[in-house]
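*Asks:* structure_32.cif (mmCIF, N, CA, C and O atoms) pasted underneath:
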```cif
data_start
loop_
_atom_site.label_atom_id
_atom_site.label_comp_id
_atom_site.auth_asym_id
_atom_site.auth_seq_id
_atom_site.Cartn_x
_atom_site.Cartn_y
_atom_site.Cartn_z
N MET A 1 -9.80 5.08 8.75
CA MET A 1 -8.68 4.81 7.87
C MET A 1 -8.64 3.32 7.58
O MET A 1 -8.68 2.51 8.50
N VAL A 2 -8.54 2.95 6.32
CA VAL A 2 -8.43 1.55 5.89
C VAL A 2 -7.00 1.33 5.41
O VAL A 2 -6.49 2.09 4.59
N THR A 3 -6.36 0.29 5.92
CA THR A 3 -5.00 -0.03 5.52
C THR A 3 -5.00 -1.34 4.75
O THR A 3 -5.55 -2.34 5.21
N ALA A 4 -4.39 -1.32 3.58
CA ALA A 4 -4.21 -2.53 2.77
C ALA A 4 -2.72 -2.79 2.64
O ALA A 4 -1.93 -1.87 2.41
N ILE A 5 -2.35 -4.04 2.82
CA ILE A 5 -0.97 -4.47 2.64
C ILE A 5 -0.94 -5.15 1.27
O ILE A 5 -1.61 -6.16 1.06
N VAL A 6 -0.20 -4.57 0.34
CA VAL A 6 -0.18 -5.07 -1.03
C VAL A 6 1.17 -5.73 -1.29
O VAL A 6 2.22 -5.08 -1.22
N LEU A 7 1.13 -7.04 -1.55
CA LEU A 7 2.33 -7.81 -1.88
C LEU A 7 2.49 -7.75 -3.40
O LEU A 7 1.54 -8.01 -4.14
N ILE A 8 3.68 -7.38 -3.85
CA ILE A 8 3.87 -7.07 -5.27
C ILE A 8 5.03 -7.87 -5.86
O ILE A 8 6.14 -7.88 -5.31
N LYS A 9 4.76 -8.52 -6.99
CA LYS A 9 5.81 -9.13 -7.79
C LYS A 9 6.13 -8.16 -8.92
O LYS A 9 5.22 -7.55 -9.49
N THR A 10 7.42 -8.04 -9.22
CA THR A 10 7.84 -7.10 -10.26
C THR A 10 8.83 -7.75 -11.21
O THR A 10 9.38 -8.82 -10.94
N ASP A 11 9.08 -7.07 -12.30
CA ASP A 11 10.20 -7.40 -13.17
C ASP A 11 11.44 -7.12 -12.32
O ASP A 11 11.68 -5.98 -11.91
N VAL A 12 12.22 -8.16 -12.01
CA VAL A 12 13.34 -8.05 -11.06
C VAL A 12 14.32 -6.94 -11.45
O VAL A 12 14.84 -6.24 -10.58
N ALA A 13 14.56 -6.76 -12.72
CA ALA A 13 15.50 -5.73 -13.16
C ALA A 13 14.98 -4.33 -12.91
O ALA A 13 15.75 -3.37 -12.95
N ARG A 14 13.67 -4.20 -12.60
CA ARG A 14 13.07 -2.87 -12.45
C ARG A 14 12.59 -2.58 -11.02
O ARG A 14 11.83 -1.64 -10.81
N ILE A 15 13.03 -3.38 -10.05
CA ILE A 15 12.54 -3.21 -8.67
C ILE A 15 12.75 -1.79 -8.16
O ILE A 15 11.79 -1.17 -7.67
N PRO A 16 13.95 -1.20 -8.23
CA PRO A 16 14.13 0.15 -7.67
C PRO A 16 13.22 1.21 -8.31
O PRO A 16 12.58 1.99 -7.61
N GLU A 17 13.14 1.23 -9.64
CA GLU A 17 12.31 2.25 -10.28
C GLU A 17 10.83 1.99 -10.05
O GLU A 17 10.05 2.93 -9.90
N THR A 18 10.43 0.73 -9.99
CA THR A 18 9.03 0.41 -9.70
C THR A 18 8.67 0.86 -8.29
O THR A 18 7.63 1.46 -8.06
N ALA A 19 9.55 0.58 -7.33
CA ALA A 19 9.32 0.99 -5.94
C ALA A 19 9.21 2.51 -5.83
O ALA A 19 8.33 3.03 -5.13
N GLN A 20 10.07 3.23 -6.52
CA GLN A 20 10.04 4.69 -6.48
C GLN A 20 8.75 5.23 -7.08
O GLN A 20 8.16 6.18 -6.55
N THR A 21 8.29 4.63 -8.16
CA THR A 21 7.04 5.06 -8.78
C THR A 21 5.86 4.79 -7.85
O THR A 21 4.99 5.64 -7.67
N LEU A 22 5.84 3.61 -7.24
CA LEU A 22 4.76 3.27 -6.29
C LEU A 22 4.75 4.24 -5.11
O LEU A 22 3.68 4.65 -4.65
N ALA A 23 5.92 4.60 -4.63
CA ALA A 23 6.01 5.50 -3.46
C ALA A 23 5.46 6.89 -3.76
O ALA A 23 5.12 7.64 -2.84
N GLN A 24 5.34 7.25 -5.04
CA GLN A 24 4.81 8.57 -5.42
C GLN A 24 3.28 8.60 -5.47
O GLN A 24 2.68 9.67 -5.58
N ILE A 25 2.63 7.44 -5.39
CA ILE A 25 1.17 7.39 -5.41
C ILE A 25 0.66 7.94 -4.07
O ILE A 25 1.09 7.48 -3.01
N PRO A 26 -0.21 8.93 -4.08
CA PRO A 26 -0.63 9.59 -2.83
C PRO A 26 -1.15 8.66 -1.74
O PRO A 26 -0.87 8.88 -0.56
N SER A 27 -1.87 7.61 -2.07
CA SER A 27 -2.42 6.71 -1.05
C SER A 27 -1.43 5.65 -0.58
O SER A 27 -1.73 4.90 0.35
N VAL A 28 -0.27 5.59 -1.20
CA VAL A 28 0.77 4.64 -0.78
C VAL A 28 1.66 5.36 0.23
O VAL A 28 2.35 6.31 -0.10
N SER A 29 1.63 4.88 1.48
CA SER A 29 2.41 5.56 2.52
C SER A 29 3.83 5.02 2.63
O SER A 29 4.73 5.75 3.04
N GLU A 30 4.03 3.73 2.28
CA GLU A 30 5.36 3.14 2.39
C GLU A 30 5.50 2.04 1.34
O GLU A 30 4.53 1.39 1.00
N VAL A 31 6.73 1.83 0.89
CA VAL A 31 7.05 0.72 0.00
C VAL A 31 8.33 0.08 0.53
O VAL A 31 9.31 0.78 0.79
N TYR A 32 8.30 -1.23 0.70
CA TYR A 32 9.46 -1.96 1.20
C TYR A 32 9.93 -2.96 0.15
O TYR A 32 9.11 -3.65 -0.45
N SER A 33 11.23 -3.05 -0.06
CA SER A 33 11.82 -4.10 -0.87
C SER A 33 12.05 -5.27 0.08
O SER A 33 12.63 -5.10 1.15
N VAL A 34 11.58 -6.46 -0.31
CA VAL A 34 11.65 -7.61 0.60
C VAL A 34 12.20 -8.83 -0.14
O VAL A 34 12.28 -8.86 -1.36
N THR A 35 12.57 -9.84 0.63
CA THR A 35 13.00 -11.11 0.06
C THR A 35 11.85 -12.10 0.15
O THR A 35 10.93 -11.93 0.94
N GLY A 36 11.91 -13.13 -0.65
CA GLY A 36 10.88 -14.15 -0.63
C GLY A 36 10.12 -14.20 -1.93
O GLY A 36 10.62 -13.80 -2.99
N GLU A 37 8.90 -14.66 -1.86
CA GLU A 37 8.06 -14.85 -3.05
C GLU A 37 7.73 -13.53 -3.74
O GLU A 37 7.57 -13.46 -4.95
N PHE A 38 7.59 -12.45 -2.96
CA PHE A 38 7.26 -11.14 -3.50
C PHE A 38 8.48 -10.23 -3.44
O PHE A 38 9.39 -10.44 -2.65
N ASP A 39 8.49 -9.21 -4.29
CA ASP A 39 9.63 -8.29 -4.37
C ASP A 39 9.44 -7.02 -3.56
O ASP A 39 10.39 -6.46 -3.04
N LEU A 40 8.18 -6.56 -3.47
CA LEU A 40 7.86 -5.32 -2.77
C LEU A 40 6.62 -5.50 -1.91
O LEU A 40 5.76 -6.32 -2.22
N VAL A 41 6.53 -4.70 -0.86
CA VAL A 41 5.33 -4.61 -0.04
C VAL A 41 4.97 -3.13 0.04
O VAL A 41 5.81 -2.30 0.40
N ALA A 42 3.73 -2.81 -0.33
CA ALA A 42 3.27 -1.42 -0.27
C ALA A 42 2.16 -1.31 0.76
O ALA A 42 1.27 -2.17 0.82
N MET A 43 2.20 -0.26 1.55
CA MET A 43 1.14 0.04 2.51
C MET A 43 0.25 1.10 1.86
O MET A 43 0.72 2.19 1.56
N VAL A 44 -1.01 0.74 1.66
CA VAL A 44 -1.97 1.65 1.03
C VAL A 44 -2.97 2.06 2.11
O VAL A 44 -3.54 1.21 2.79
N ARG A 45 -3.17 3.36 2.25
CA ARG A 45 -4.10 3.87 3.26
C ARG A 45 -5.11 4.79 2.60
O ARG A 45 -4.73 5.74 1.91
N VAL A 46 -6.39 4.47 2.80
CA VAL A 46 -7.49 5.26 2.24
C VAL A 46 -8.55 5.46 3.32
O VAL A 46 -8.55 4.80 4.35
N ARG A 47 -9.48 6.36 3.05
CA ARG A 47 -10.54 6.65 4.02
C ARG A 47 -11.65 5.61 3.99
O ARG A 47 -12.26 5.31 5.01
N ARG A 48 -11.97 5.07 2.81
CA ARG A 48 -13.08 4.12 2.67
C ARG A 48 -12.64 2.92 1.82
O ARG A 48 -11.83 3.06 0.92
N HIS A 49 -13.22 1.76 2.10
CA HIS A 49 -12.89 0.55 1.35
C HIS A 49 -13.06 0.75 -0.16
O HIS A 49 -12.28 0.23 -0.95
N GLU A 50 -14.08 1.50 -0.54
CA GLU A 50 -14.37 1.71 -1.96
C GLU A 50 -13.20 2.35 -2.70
O GLU A 50 -13.03 2.17 -3.91
N GLU A 51 -12.40 3.12 -2.00
CA GLU A 51 -11.27 3.81 -2.62
C GLU A 51 -10.15 2.85 -3.01
O GLU A 51 -9.30 3.18 -3.84
N LEU A 52 -10.13 1.66 -2.40
CA LEU A 52 -9.08 0.69 -2.72
C LEU A 52 -9.10 0.30 -4.20
O LEU A 52 -8.05 0.06 -4.80
N ASP A 53 -10.29 0.24 -4.81
CA ASP A 53 -10.39 -0.09 -6.23
C ASP A 53 -9.65 0.92 -7.10
O ASP A 53 -9.01 0.56 -8.09
N ASP A 54 -9.76 2.18 -6.75
CA ASP A 54 -9.08 3.22 -7.52
C ASP A 54 -7.56 3.13 -7.37
O ASP A 54 -6.82 3.38 -8.31
N VAL A 55 -7.12 2.76 -6.17
CA VAL A 55 -5.68 2.77 -5.89
C VAL A 55 -4.99 1.49 -6.34
O VAL A 55 -3.96 1.56 -7.01
N ILE A 56 -5.53 0.33 -6.00
CA ILE A 56 -4.79 -0.91 -6.27
C ILE A 56 -4.97 -1.36 -7.72
O ILE A 56 -4.03 -1.25 -8.51
N PRO A 57 -6.15 -1.85 -8.14
CA PRO A 57 -6.23 -2.22 -9.56
C PRO A 57 -6.18 -1.01 -10.49
O PRO A 57 -5.69 -1.11 -11.61
N GLY A 58 -6.64 0.13 -10.00
CA GLY A 58 -6.69 1.32 -10.85
C GLY A 58 -5.37 2.03 -11.04
O GLY A 58 -5.17 2.73 -12.03
N THR A 59 -4.44 1.88 -10.08
CA THR A 59 -3.17 2.61 -10.17
C THR A 59 -1.96 1.70 -9.93
O THR A 59 -1.08 1.62 -10.77
N VAL A 60 -1.90 1.03 -8.78
CA VAL A 60 -0.74 0.19 -8.44
C VAL A 60 -0.50 -0.87 -9.52
O VAL A 60 0.62 -1.04 -9.99
N ASN A 61 -1.54 -1.59 -9.91
CA ASN A 61 -1.37 -2.67 -10.88
C ASN A 61 -0.96 -2.17 -12.26
O ASN A 61 -0.50 -2.95 -13.08
N LYS A 62 -1.14 -0.89 -12.52
CA LYS A 62 -0.80 -0.33 -13.83
C LYS A 62 0.60 0.27 -13.89
O LYS A 62 1.03 0.73 -14.93
N VAL A 63 1.31 0.25 -12.76
CA VAL A 63 2.68 0.79 -12.74
C VAL A 63 3.57 -0.14 -13.56
O VAL A 63 3.53 -1.36 -13.42
N SER A 64 4.37 0.45 -14.42
CA SER A 64 5.29 -0.32 -15.26
C SER A 64 6.24 -1.12 -14.37
O SER A 64 6.85 -0.58 -13.45
N GLY A 65 6.34 -2.41 -14.64
CA GLY A 65 7.20 -3.29 -13.85
C GLY A 65 6.43 -4.19 -12.90
O GLY A 65 6.92 -5.23 -12.50
N VAL A 66 5.20 -3.81 -12.53
CA VAL A 66 4.37 -4.64 -11.65
C VAL A 66 3.80 -5.78 -12.48
O VAL A 66 3.18 -5.55 -13.52
N THR A 67 4.02 -7.02 -12.03
CA THR A 67 3.51 -8.18 -12.77
C THR A 67 2.38 -8.91 -12.05
O THR A 67 1.61 -9.62 -12.67
N HIS A 68 2.28 -8.74 -10.72
CA HIS A 68 1.23 -9.43 -9.94
C HIS A 68 1.13 -8.77 -8.57
O HIS A 68 2.13 -8.34 -8.01
N THR A 69 -0.10 -8.70 -8.04
CA THR A 69 -0.28 -8.19 -6.68
C THR A 69 -1.24 -9.09 -5.92
O THR A 69 -2.11 -9.75 -6.51
N GLU A 70 -1.08 -9.10 -4.60
CA GLU A 70 -2.04 -9.71 -3.68
C GLU A 70 -2.31 -8.69 -2.59
O GLU A 70 -1.37 -8.09 -2.06
N THR A 71 -3.57 -8.51 -2.27
CA THR A 71 -3.94 -7.50 -1.30
C THR A 71 -4.51 -8.14 -0.04
O THR A 71 -5.36 -9.02 -0.11
N HIS A 72 -4.04 -7.65 1.10
CA HIS A 72 -4.54 -8.09 2.40
C HIS A 72 -4.99 -6.85 3.15
O HIS A 72 -4.26 -5.86 3.22
N ILE A 73 -6.19 -6.88 3.71
CA ILE A 73 -6.73 -5.75 4.47
C ILE A 73 -6.34 -5.93 5.94
O ILE A 73 -6.55 -7.00 6.51
N ALA A 74 -5.79 -4.89 6.53
CA ALA A 74 -5.45 -4.92 7.95
C ALA A 74 -6.70 -4.54 8.74
O ALA A 74 -7.31 -3.50 8.49
N PHE A 75 -7.07 -5.40 9.68
CA PHE A 75 -8.26 -5.13 10.49
C PHE A 75 -7.93 -4.49 11.82
O PHE A 75 -8.73 -3.77 12.39
N ARG A 76 -6.76 -4.75 12.34
CA ARG A 76 -6.40 -4.22 13.65
C ARG A 76 -4.92 -3.89 13.64
O ARG A 76 -4.11 -4.64 13.09
N THR A 77 -4.54 -2.79 14.27
CA THR A 77 -3.15 -2.38 14.38
C THR A 77 -2.70 -2.55 15.82
O THR A 77 -3.40 -2.13 16.74
N TYR A 78 -1.57 -3.17 15.99
CA TYR A 78 -0.96 -3.31 17.31
C TYR A 78 0.32 -2.50 17.30
O TYR A 78 1.26 -2.84 16.57
N SER A 79 0.35 -1.43 18.05
CA SER A 79 1.50 -0.54 18.01
C SER A 79 1.60 0.25 19.30
O SER A 79 0.60 0.44 20.00
N ARG A 80 2.78 0.74 19.57
CA ARG A 80 2.98 1.64 20.71
C ARG A 80 2.66 3.08 20.31
O ARG A 80 2.65 3.96 21.13
N HIS A 81 2.39 3.31 19.04
CA HIS A 81 2.14 4.66 18.53
C HIS A 81 0.68 4.82 18.13
O HIS A 81 0.01 3.85 17.80
N ASP A 82 0.19 6.02 18.15
CA ASP A 82 -1.18 6.30 17.72
C ASP A 82 -1.17 6.47 16.20
O ASP A 82 -1.16 7.58 15.68
N LEU A 83 -1.16 5.34 15.49
CA LEU A 83 -1.07 5.37 14.04
C LEU A 83 -2.31 5.95 13.39
O LEU A 83 -2.24 6.60 12.36
N GLU A 84 -3.46 5.72 13.99
CA GLU A 84 -4.70 6.26 13.42
C GLU A 84 -4.62 7.78 13.36
O GLU A 84 -4.95 8.40 12.35
N ALA A 85 -4.13 8.40 14.42
CA ALA A 85 -4.00 9.86 14.43
C ALA A 85 -2.94 10.32 13.44
O ALA A 85 -3.12 11.29 12.72
N ALA A 86 -1.83 9.60 13.35
CA ALA A 86 -0.75 9.99 12.45
C ALA A 86 -1.19 9.93 11.00
O ALA A 86 -0.91 10.84 10.21
N PHE A 87 -1.90 8.88 10.61
CA PHE A 87 -2.29 8.73 9.21
C PHE A 87 -3.54 9.53 8.88
O PHE A 87 -3.89 9.65 7.71
N ALA A 88 -4.21 10.08 9.87
CA ALA A 88 -5.38 10.91 9.62
C ALA A 88 -4.99 12.39 9.41
O ALA A 88 -5.82 13.19 9.04
N LEU A 89 -3.73 12.71 9.64
CA LEU A 89 -3.29 14.10 9.45
C LEU A 89 -3.55 14.54 8.02
O LEU A 89 -3.26 13.82 7.07
N GLY A 90 -4.15 15.70 7.88
CA GLY A 90 -4.42 16.23 6.56
C GLY A 90 -5.78 15.87 6.02
O GLY A 90 -6.21 16.39 5.01
N TYR A 91 -6.48 14.92 6.69
CA TYR A 91 -7.83 14.57 6.28
C TYR A 91 -8.82 15.35 7.13
O TYR A 91 -8.65 15.46 8.34
N GLU A 92 -9.85 15.85 6.50
CA GLU A 92 -10.89 16.54 7.25
C GLU A 92 -11.79 15.52 7.91
O GLU A 92 -12.00 14.43 7.38
N ASP A 93 -12.34 15.85 9.09
CA ASP A 93 -13.30 14.97 9.75
C ASP A 93 -14.54 14.86 8.90
O ASP A 93 -14.95 15.78 8.22
N GLY A 94 -15.16 13.68 8.99
CA GLY A 94 -16.42 13.53 8.27
C GLY A 94 -16.36 12.32 7.43
O GLY A 94 -17.12 11.78 6.81
#
```
Reformat the file's structure so that it appears as structure tokens.
*Replies:*
Amino acid sequence: MVTAIVLIKTDVARIPETAQTLAQIPSVSEVYSVTGEFDLVAMVRVRRHEELDDVIPGTVNKVSGVTHTETHIAFRTYSRHDLEAAFALGYEDG
């Protein structure tokens, strides 16, 4: 599982509807409204790095209201929970 943290700038008047649209994208597991330089943070989870092109520039960046994104790849997860198992649910092995 590959996790990308996508920092998103939006048209401020459209933050709620943009967040809701992003949350409907199958590879987007979570969307957070945040304060600071960016308006939203989306967690994108895919099986292979190559799939990120389809999801981020191919889908996330095309959502109405999104004006800019920055993507950071998570290399290691530190958690008390088995997140790898949780996010692998529904995916076939292989």
*Asks:* Show me, as an MDAnalysis selection string, the residues that have an atom within 6 Å of range 35-50 of chain A when counting all atoms listed in the file, minus same-chain residues fewer than 3 positions from it.
*Replies:* chainID A and resid 1:10 26:32 53:54
*Asks:* What is the atom C of Glu51 in chain A to atom C of Ser64 in chain A distance in Å?
*Replies:*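 Computing the Euclidean distance for atom C of Glu51 in chain A and atom C of Ser64 in chain A yields 20.3 Å.
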*Asks:* Assign secondary structure with DSSP using the backbone only, and return the residues of chain A in helix (DSSP H, G or I) as an NGL selection string.
*Replies:* :A and (12-23 or 51-55 or 60-62 or 83-88)
*Asks:* One number please: atom O of Asn61 in chain A to CA of Ser33 in chain A, in Å, one decimal.
*Replies:*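 Here the two named atoms are 17.4 Å from each other.
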*Asks:* What does the distance between atom O of Gly58 in chain A and atom C of Ala19 in chain A come to in Å, to one decimal place?
*Replies:*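 So the answer is 15.7 Å.
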*Asks:* Box for range 66-69 of chain A - axis-aligned, 4 Å on each of the six sides, all listed atoms - centre and size in Å to one decimal, as JSON.
*Replies:*
```
{"center_x": 1.5, "center_y": -6.8, "center_z": -9.7, "size_x": 15.3, "size_y": 13.9, "size_z": 15.6}
```
*Asks:* Based on the backbone DSSP call, show me all residues of chain A assigned strand (DSSP E), as a PyMOL selection string.
*Replies:* chain A and resi 2-10+28-33+40-46+66-74
*Asks:* Using the block above, I'd like range 23-70 of chain A written out, keeping C-alpha atoms and formatting it as a compact mmCIF listing (two decimals), in the first residue's frame.
*Replies:*
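File result36.txt, as written:
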```txt
# COMPACT_ATOMS: atom_id res chain seq x y z
CA ALA A 23 -13.91 12.30 -0.28
CA GLN A 24 -15.95 10.46 -2.95
CA ILE A 25 -12.84 9.51 -4.96
CA PRO A 26 -12.26 5.78 -4.28
CA SER A 27 -8.52 6.09 -3.56
CA VAL A 28 -9.02 9.02 -1.17
CA SER A 29 -9.48 7.55 2.29
CA GLU A 30 -9.74 10.80 4.27
CA VAL A 31 -10.03 14.55 3.71
CA TYR A 32 -9.29 17.07 6.45
CA SER A 33 -10.08 20.78 6.50
CA VAL A 34 -7.04 22.51 8.01
CA THR A 35 -5.71 25.95 8.85
CA GLY A 36 -2.54 27.43 7.44
CA GLU A 37 -1.16 27.73 3.94
CA PHE A 38 -3.35 24.89 2.61
CA ASP A 39 -7.11 24.44 2.97
CA LEU A 40 -7.44 20.65 2.79
CA VAL A 41 -5.32 17.55 3.34
CA ALA A 42 -6.28 14.35 1.52
CA MET A 43 -4.91 10.90 2.26
CA VAL A 44 -4.59 8.93 -0.98
CA ARG A 45 -3.94 5.19 -0.78
CA VAL A 46 -3.11 3.03 -3.80
CA ARG A 47 -1.48 -0.36 -4.39
CA ARG A 48 1.36 0.88 -6.65
CA HIS A 49 3.19 4.19 -7.11
CA GLU A 50 2.13 4.25 -10.77
CA GLU A 51 -1.51 4.59 -9.71
CA LEU A 52 -0.80 7.96 -8.07
CA ASP A 53 -0.72 9.60 -11.53
CA ASP A 54 -4.28 8.50 -12.20
CA VAL A 55 -5.52 9.69 -8.82
CA ILE A 56 -3.72 12.96 -8.12
CA PRO A 57 -3.11 14.81 -11.40
CA GLY A 58 -5.71 12.68 -13.17
CA THR A 59 -8.57 13.15 -10.69
CA VAL A 60 -7.82 15.24 -7.56
CA ASN A 61 -6.36 18.18 -9.49
CA LYS A 62 -9.40 18.22 -11.79
CA VAL A 63 -11.97 18.60 -8.99
CA SER A 64 -13.78 21.91 -9.28
CA GLY A 65 -12.45 24.30 -6.64
CA VAL A 66 -8.93 22.80 -6.41
CA THR A 67 -6.38 25.47 -7.34
CA HIS A 68 -3.06 23.85 -6.31
CA THR A 69 -1.75 20.62 -4.79
CA GLU A 70 1.50 19.37 -3.27
```
